[in-house]
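K.L.:
Here's a structure for you.
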Amino acid sequence: MPKWSGKLEKVDDYRWRIPKSYKPGMRVDGLIYADEKMLQQIIDDQAPEQVANVAFLPGIVGCSMAMPDIHWGYGFAIGGVAAMRLSDGVISPGGVGFDINCGVRIMRTNLVKEEIAPKIKTLIDAMYYAVPSGLGSKGPIKLRSGEIDEVLVKGSRWAVEKGYGRKEDLETTEENGEMKGTDPAKVSGRAKERGVPQLGTLGSGNHFLEVGVIDEIYDEKIAGAMGIERVGQVMLYVHCGSRGLGHQVADDYIKVMMQSMPKYGIEVPDRQLACVPVKSPEGQNYLAAMRCAANYAWANRQCITQWVREAFCRVMGMSEGDAGLELIYDVTHNIAKIEDHKINGKTEKLCVHRKGATRAFPAGHPDIPKQYAEAGQPILIPGDMGRMSYILAGTEKAMQETFGSTCHGAGRMKSRSAMKRHLSGRDVLAELEAKGIQIRAGSLPGLAEEAPEAYKDVGDVVRVAHGAGISKKVARTRPIAVVKG
Amino acid sequence: MKRYELIEHTADLGLKAYGKNLSEAFANAAFGMFSVIAELDAVKEVESRRVEIEEDDAESLLFEWLNSLLYYFDVETLIFKRFDILEFGEGKLRADCRGEKYDPARHRLKTGVKSATYHMLEVDKEKNRVQVIFDV
């Protein structure tokens, strides 16, 4: 793939503009968050072109934005943020992605590394066996006929009512793990058939469970609000999404959008950007179905959370109360949401697409949990298997500039096939074990695809997000054991 | 003649598939997709499913064809390796797909494919060649 050689203007050390004069049809500028070093990686492929293409979409306000973990996706770039007016704007399933509400959560524990180190192999084995993972795996949850609809409406609450987890988990999940405005009738039978056997499974690819330890604390006050007290403290991550149900919802509605676009007189530069007016019946149906898929993903992470807790307590021989295991927060990074934002001093409802981007609401925002009212919303940025992950907090600057959004991860740099050509799964396993990281993986080739070298350095991504002020560094964790899906 | 080849894509994975005619290119695209998902050598042709698709245009037909096969993989863990196209015309495809249910003892799965996408999707009716990028 050739380097991107379009028009790019430096705004400041962390911002680069693609002026709307770059391509006729762009309604707004493109804006990429990056520093000089990261920019060189970004223009290595066609991701900036995708930022420019999203600027074509009707009703887009502000800029077509890309977070510093931007990489080439399909339609939207991964790391893309775009907000549309409700009055004349569009919604695009391509701006959410196939894995609707792919997201990550983190639990804190009362333990430090030294306490779990002697049992780390047993612990990661127990987590591996407790949570079905990998391609072709089925979940142990048996749903009554029609019960899938309850999962789609109630999300995490369905899981908690079934005994998976604690009531408090709902308070510390974005949207309380239960998006309103659902309608299971808008989710196809095929999507539900795919979803039923996969509820309570991690999936494959970049999905994972991780045992990490706090490596550094940058802001003690905010960290304290999150229950992060000291270096060495053990944290547990769960990263997964809506499985085949979400993929099918995306498939179904991309087709609906393609068929409906001519009716609304909409043309897009890439078919994967297919979209319809947010207010149209097709747009409303997609939103209702997408929210169902999002709730499925939250129910999925909630069930997995409980199995991880049980495995942890069993291996450590302690009660849940003694272990801690409180959910700090759960964020989604593939979603479209109707949110209030200030445009020219006036509050407007917008449809914010976050495709590989995380919400980053500031302290005092009404939509974040009470315990974070002064700290700001926790943001979780998983790195890759060998490197650090970061915990950030939302800022007022993000609210003003990025519709309350920031980065979501490391961002891919090298293709999966390129990784497999250069590395075997066994090489990766050996390299990580040499670094003291235990790995359990269903598939060795899959492991090579997800090798640390495939990703940008998440430290660079976070440095830009922090430097630009669209989120604030709170702490970082170092992985000591990982289950790869 | 090569049936398919993989395309590099930063985050995802794609393929180009070829054929003597377009219907063979569609069959080879499906074969290529399942070759990404699993080692097909150990997969026997013991199960069969009839797949029928109608769409407005050739691109949507390809998108729906591949995604329909992924549906069978998700719901029944069926790994297909042989695709007999019975009918192929403007916006219509009917095929018998043969393969086997995933057996962890004998089969090796490789890369999960979430979906075919419309991004860079091409159906070249002159050269009997198709191209698709997957979300993996």
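Letters A, B, ... go to the chains of the structure tokens in the order shown; residues in each chain start at 1; ligands are counted from 1 in the same order.
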Excluding range 1-4 of chain B and residues on its chain fewer than 5 positions from it, collect all residues at most 6 Å away from it, counting only C-alpha atoms, and give them as a list in words.

P.N.:
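Counting only the stated atoms, we get Lys16, Ala17, Tyr18 and Asn28 of chain B.
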
K.L.:
Would you kindly report the residues of chain A within 8 Å of chain B, using only C-alpha atoms, as a VMD selection string?

P.N.:
chain A and resid 45 71 to 75 98 to 99 135 to 136 190 193 to 194 197 204 to 205 244 247 251 255 270 to 272 412 to 418 443 445 to 446

K.L.:
Return the single residue from A:Ala357, A:Cys407, A:Ala225, A:Ile338 that is closest to Pro369 in chain A, with distances computed using only C-alpha atoms.

P.N.:
A:Ala225

K.L.:
Compile the contact shell of Ile85 in chain B as a tab-separated table (two decimals) with C-alpha atoms, in the first residue's frame: residues with an atom at most 8 Å away, counting only C-alpha atoms, same-chain residues fewer than 6 positions apart removed.

P.N.:
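The result, stored in selection29.tsv:
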chain	number	residue	atom	x	y	z
B	23	SER	CA	-19.10	-18.00	-10.16
B	24	GLU	CA	-15.83	-19.87	-9.72
B	27	ALA	CA	-16.49	-20.13	-4.82
B	93	LEU	CA	-26.58	-17.27	-6.15
B	94	ARG	CA	-27.50	-20.81	-5.14
B	95	ALA	CA	-24.84	-23.18	-3.88
B	96	ASP	CA	-24.26	-26.42	-2.07

K.L.:
Need the shell around Arg166 in chain A: protein/DNA/RNA residues with any atom at most 9 Å away, counting only C-alpha atoms. Skip same-chain ones fewer than 4 positions apart. Format as a PyMOL selection string?

P.N.:
chain A and resi 160-161+170+306+326

K.L.:
If I take CA of Lys435 in chain A and CA of Ala451 in chain A, how far is one from the other in Å, to one decimal?

P.N.:
13.4 Å

K.L.:
Which one is closest to Glu175 in chain A: A:Gly356, A:Gly321, A:Gly155, A:Gly89? Count only C-alpha atoms.

P.N.:
A:Gly155
